[in-house]
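Here the structure comes first, spelled out in structure tokens, and everything after it is commentary.
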Amino acid sequence: MSETPRSIVILGGGTAGWMAANLIAHHLGLEASVTVVESPEIGIIGVGEGSTPQLKAFFDTLDIAEADWMPRCNATYKTGIGFRDWSEAPGFDAYFHPFPTDLDGFTAPAFFANAYARRHGADVWAHPDRFFLPTALAARRLAPIVPDHFPFQIGYGYHFDAHLVGAFLRDHAIGLGVRHLQHRIVDVAVADGNVSHLVAQNDITIPGDFFIDCSGFRSVIAQGALGAKFLPFAANLFNDAAVVMPTPRDPNGTNCQTISTAMQNGWVWDIPLTNRTGNGYVYASGYCSADEAETELRAHLGLLDSPVEARHLKMKVGRIAESWTGNCLALGLSQGFIEPLEATALHVVQATVEGFFRAWRDGGFTPRHRDAFNRAIAARYEGIRDYIVCHYRMNRRTDTAYWRDNATHDELSDSLKAIITCWFTGRDLEEEIARQDIAHYYAPASWHCLLAGYGQFPGRLSADAPAPPTDMAAIDDFITRCALNFPSHDAALEALR
Ligand SMILES: Cc1cc2nc3c(=O)[nH]c(=O)nc-3n(C[C@H](O)[C@H](O)[C@H](O)COP(=O)(O)OP(=O)(O)OC[C@H]3O[C@@H](n4cnc5c(N)ncnc54)[C@H](O)[C@@H]3O)c2cc1C
């Protein structure tokens with residue numbers, strides 16, 4: 001394999017493939033030729049319509065303005081995720097997981113102090129929702145667009161139509177000089193652990209120096225030809241299927257949050273686009289059949305007698321042991337998938353491509369840099385996985401075996417065990433997160449929101465427990481006055497057109 005690949009072949013034209021093509025063409029310019037080969041008859045998975053703030057960084061890197069892509073992709077703004085019905089604890093039936101903002105420094109310390117005191121029995125306000133501006137923006141359907149006079153940044157993500165984003169990114173990549181081929185790959189030629197070429201129908205060969213496997217759950221090169229080891233997450237992430245149905249957009253205005261509502265055997269997403277709402281029930285097939293899941297979703301959406309068709313999907317949840325093997329990088333669903341609860345898949349795609357470039361720039365194709373890269377990606381998967389597992393482990397529903405089993409199993413990583421132990425033994429959670437150096441996966445605010453949001457407080461309330469001098473009225477006033485600066489979500493979307 002040459003030290004600087006002149007020819008990079010990407011197998012797959014889903015969101016992962018086109019994101020990779022754009023980033024590589026952007027970073028390498030004329031240094032390398034980039035080819036995307038995809039099979040229209042196989043198509044793309046076509047779900048994955050919510051993001052983290054990382055997607056904003058992706059478009060910023062490519063210098064693509066929101067006005068250029070959002071209207072074309074029916075996209076909306078997202079300030080975080082609302083969790084509903086995950087807990088039966090009185091007062092904790094819903095909470096919001098906000099994206100980070102510069103203002104958190106003013107309010108999060110009070111939340112942490114109150115949650116700490118509440119864990120020690122003080123009768124103080126410890127529900128997360130009054131402490132974060134994005135929560136207020138979501139409740140009021142205000143866009144997280146910072147006005148010129150407002151000196152703080154607000155992190156935000158997006159909702160979008162996956163098919164339209166794919167088409168937009170394809171057109172943009174082709175504009176950057178990426179070659180687009182439409183073939184079904186039927187064989188992968190491998191010699192000494194490296195791919196030499198792909199073989200399409202009619203014996204067409206597609207050679208390359210470096211290959212990126214974005215072939216989705218099929219993982220044609222990485223798991224298929226190179227035999228990459230797949231590590232399933234089924235021991236503590238039970239969901240392995242989804243059923244998806246659209247509903248009309250909310251006539252009362254466009255939400256700027258994803259809503260995750262717990263169901264009998266999983267949860268339903270509600271993702272607002274400008275032209276429709278996307279809904280999908282992510283469930284565990286070991287606990288309910290596809291028909292039962294579809295009926296429960298239809299009942300939830302008020303579509304029991306509706307002719308609207310449901311789409312059923314299987315999910316392969318887990319990751320491959322090493323994302324980069326020989327001259328192949330696995331990316332997207334081919335590389336792994338942690339179920340969609342926190343909408344992290346495209347975030348990992350971008351982190352993988354950027355991390356790969358760093359490793360490559362630093363050390364070329366040396367095993368030392370490749371191994372360090374693989375360790376970092378594996379750690380990222382496990383770090384995100386822990387946070388998602390914690391949602392299920394901390395649920396406070398008792399109605400079905402699914403929720404009871406989720407709340408009682410012991411399949412936790414050492415890191416997550418230490419987080420949970422820290423919380424329930426009343427120690428400082430920020431310190432524990434710093435000790436483990438895991439804040440770059442999920443920050444202390446996210447962990448506090450999750451654990452406090454489900455009403456998981458160990459101690460009984462006691463009149464003698466010391467309480468911090470938090471002035472909740474002042475925090476409410478601060479958040480309310482900050483929120484006055486933001487435009488309505490619908491007005492902000494209209495301004496992009
Ligand atoms: C139920 C569900 C919900 C999700 N929700 C979210 C979310 O909210 N946020 C998020 O970030 N992610 C989410 N994801 C993940 C997200 O859908 C994917 O990460 C994203 O769409 C990228 O997929 P991909 O490009 O890896 O694969 P795909 O979209 O499946 O694309 C695979 C490509 O490979 C091609 N291909 C495959 N085999 C061959 C072959 N033999 N020859 C030629 N071409 C081939 C196909 O034609 C296609 O172009 C969700 C996933 C699921 C299953």
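Naming works like this for the structure tokens: A, B, ... for the chains as they're shown, residue 1 at the start of each chain, ligands 1 onward in shown order.
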List all protein, DNA and RNA residues that have at least one atom no more than 6 Å from any atom of ligand 1, counting only C-alpha atoms and all ligand atoms, and write them as a JSON list (two decimals) with C-alpha atoms, in the first residue's frame.
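So the final result, stored in part37.json, reads:
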[["chain", "number", "residue", "atom", "x", "y", "z"],
["A", 11, "LEU", "CA", -18.37, 1.80, -1.02],
["A", 12, "GLY", "CA", -21.84, 3.13, -0.19],
["A", 13, "GLY", "CA", -23.84, 6.25, -0.93],
["A", 14, "GLY", "CA", -25.79, 6.60, 2.31],
["A", 15, "THR", "CA", -25.28, 9.53, 4.68],
["A", 16, "ALA", "CA", -21.98, 8.04, 5.92],
["A", 17, "GLY", "CA", -20.58, 7.59, 2.40],
["A", 38, "GLU", "CA", -23.30, 2.62, -4.61],
["A", 39, "SER", "CA", -26.09, 0.33, -5.68],
["A", 40, "PRO", "CA", -29.42, 2.07, -6.36],
["A", 42, "ILE", "CA", -29.98, -1.85, -2.66],
["A", 43, "GLY", "CA", -30.66, 1.77, -1.69],
["A", 44, "ILE", "CA", -29.94, 3.44, 1.64],
["A", 45, "ILE", "CA", -31.44, 2.78, 5.05],
["A", 46, "GLY", "CA", -33.22, 6.15, 4.89],
["A", 47, "VAL", "CA", -33.68, 6.71, 8.61],
["A", 48, "GLY", "CA", -31.46, 8.71, 10.94],
["A", 49, "GLU", "CA", -33.07, 12.12, 11.00],
["A", 50, "GLY", "CA", -31.77, 13.66, 14.23],
["A", 51, "SER", "CA", -28.27, 14.91, 15.03],
["A", 183, "HIS", "CA", -22.82, -0.59, -9.48],
["A", 184, "ARG", "CA", -23.67, -3.50, -7.24],
["A", 185, "ILE", "CA", -20.44, -4.89, -5.77],
["A", 186, "VAL", "CA", -20.39, -8.68, -5.90],
["A", 214, "CYS", "CA", -19.89, 2.66, 4.07],
["A", 215, "SER", "CA", -22.05, -0.24, 2.90],
["A", 216, "GLY", "CA", -24.39, -0.08, 5.90],
["A", 218, "ARG", "CA", -24.07, -5.35, 5.16],
["A", 242, "ALA", "CA", -37.81, -0.45, 14.69],
["A", 315, "MET", "CA", -30.94, -3.09, 13.75],
["A", 332, "GLY", "CA", -21.24, 4.36, 9.56],
["A", 333, "LEU", "CA", -23.49, 1.35, 10.09],
["A", 334, "SER", "CA", -20.78, -0.87, 8.59],
["A", 340, "PRO", "CA", -30.61, 5.80, 18.11],
["A", 343, "ALA", "CA", -28.92, 10.29, 17.77],
["A", 344, "THR", "CA", -25.16, 9.80, 17.86],
["A", 345, "ALA", "CA", -24.48, 7.79, 14.67],
["A", 346, "LEU", "CA", -23.56, 10.67, 12.36]]
Residue contacts of Pro5 of chain A (7 Å, only C-alpha atoms) excluding same-chain residues fewer than 5 positions away, as a PDB file with C-alpha atoms, in the first residue's frame:
ATOM      1  CA  ALA A  32      -6.301  12.191  -4.176  1.00  0.00           C
ATOM      2  CA  ASP A 209      -5.244   2.549  -2.788  1.00  0.00           C
ATOM      3  CA  PHE A 210      -7.556   3.011   0.169  1.00  0.00           C
TER       4      PHE A 210
END
Per-residue nearest contacts segment 110-199 of chain A to segment 78-89 of chain A, cut-off 9 Å, using only C-alpha atoms, as JSON lines:
{"residue": "A:Pro134", "atom": "CA", "partner": "A:Thr79", "partner_atom": "CA", "distance": 5.4}
{"residue": "A:Thr135", "atom": "CA", "partner": "A:Thr79", "partner_atom": "CA", "distance": 7.4}
{"residue": "A:Leu137", "atom": "CA", "partner": "A:Thr79", "partner_atom": "CA", "distance": 7.4}
{"residue": "A:Ala138", "atom": "CA", "partner": "A:Thr79", "partner_atom": "CA", "distance": 6.4}
{"residue": "A:Ala143", "atom": "CA", "partner": "A:Thr79", "partner_atom": "CA", "distance": 8.0}
{"residue": "A:Pro144", "atom": "CA", "partner": "A:Thr79", "partner_atom": "CA", "distance": 6.7}
{"residue": "A:Ile154", "atom": "CA", "partner": "A:Thr79", "partner_atom": "CA", "distance": 8.6}
{"residue": "A:Gly155", "atom": "CA", "partner": "A:Thr79", "partner_atom": "CA", "distance": 7.4}
{"residue": "A:Tyr156", "atom": "CA", "partner": "A:Thr79", "partner_atom": "CA", "distance": 5.1}
{"residue": "A:Gly157", "atom": "CA", "partner": "A:Lys78", "partner_atom": "CA", "distance": 4.9}
{"residue": "A:Tyr158", "atom": "CA", "partner": "A:Lys78", "partner_atom": "CA", "distance": 4.8}
{"residue": "A:His159", "atom": "CA", "partner": "A:Lys78", "partner_atom": "CA", "distance": 6.5}
Selection: 9 Å around Arg118 of chain A, only C-alpha atoms, excl. self and same-chain fewer than 5 positions, as a VMD selection string: chain A and resid 113 123 to 126 457 to 461 465 467
Alpha helix (DSSP H) positions in segment 346-457 of chain A, given as an NGL selection string: :A and (346-363 or 367-393 or 401-408 or 414-424 or 429-436 or 444-453)
Distance of atom CA of Ala139 of chain A from atom CA of Gln264 of chain A, expressed in Å to one decimal place: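 Answer for the atom CA of Gln264 of chain A to atom CA of Ala139 of chain A separation: 25.8 Å.
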Atom-to-atom span, atom CA of Thr325 of chain A and atom CA of Ala222 of chain A, Å: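 Atom CA of Thr325 of chain A sits 7.8 Å away from atom CA of Ala222 of chain A.
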Test item: residues at most 12 Å from Gly105 of chain A, only C-alpha atoms, excluding those fewer than 6 positions along its chain, as a VMD selection string: chain A and resid 111 to 112 131 to 133 152 to 153 444 to 445
Spatial neighbours of segment 425-439 of chain A, 8 Å, only C-alpha atoms, chain gap at least 2 places, as JSON, numbers by chain: {"A": [116, 119, 120, 383, 415, 418, 419, 421, 422, 423, 441, 442, 443, 444, 448, 458]}
Point-to-point distance from atom CA of Leu301 of chain A to atom CA of Asn275 of chain A, Å rounded to tenths: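 Interatomic distance here is 17.0 Å.
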Surrounding residues of Ala235 of chain A excluding itself and chain neighbours under 2 positions, 12 Å, only C-alpha atoms, as a list in words: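 Answer for this query is Leu231, Pro232, Phe233, Leu237, Phe238, Asn239, Asp240, Ala284, Val317, Gly318, Arg385, Val389, Asp405, Asn406, His409, Asp410, Glu411, Leu412 and Ser413 of chain A.
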Long-range neighbours of Ser7 of chain A as a VMD selection string, 10 Å cut-off, only C-alpha atoms, 6 positions minimum in chain: chain A and resid 31 to 35 207 to 211
Which of A:Ile10, A:Ile206, A:Ile384, A:Ala167 sits closest to His347 of chain A [using only C-alpha atoms]: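 Between A:Ile10, A:Ile206, A:Ile384, A:Ala167, the residue approaching His347 of chain A most closely is A:Ile384.
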All strand (DSSP E) positions in segment 209-449 of chain A, as JSON, numbers by chain: {"A": [210, 211, 212, 213, 230, 231, 232, 241, 242, 243, 244, 245, 246, 247, 248, 258, 259, 260, 261, 262, 266, 267, 268, 269, 270, 271, 272, 276, 277, 278, 279, 280, 281, 282, 283, 311, 312, 313, 314, 318, 319, 320, 324, 325, 328, 329, 330, 336, 337]}
What are the closest atom pairs, with distances in Å to one decimal, for each residue of segment 305-391 of chain A lying within 12 Å of segment 56-73 of chain A, using only C-alpha atoms, rows by chain and rising residue number, as a Markdown table?
| residue | atom | partner | partner_atom | distance |
| --- | --- | --- | --- | --- |
| A:Leu346 | CA | A:Phe58 | CA | 9.8 |
| A:His347 | CA | A:Phe58 | CA | 9.1 |
| A:Val348 | CA | A:Phe58 | CA | 11.6 |
| A:Val349 | CA | A:Phe58 | CA | 10.3 |
| A:Gln350 | CA | A:Phe58 | CA | 7.2 |
| A:Ala351 | CA | A:Phe58 | CA | 9.8 |
| A:Val353 | CA | A:Phe58 | CA | 10.8 |
| A:Glu354 | CA | A:Phe58 | CA | 10.0 |
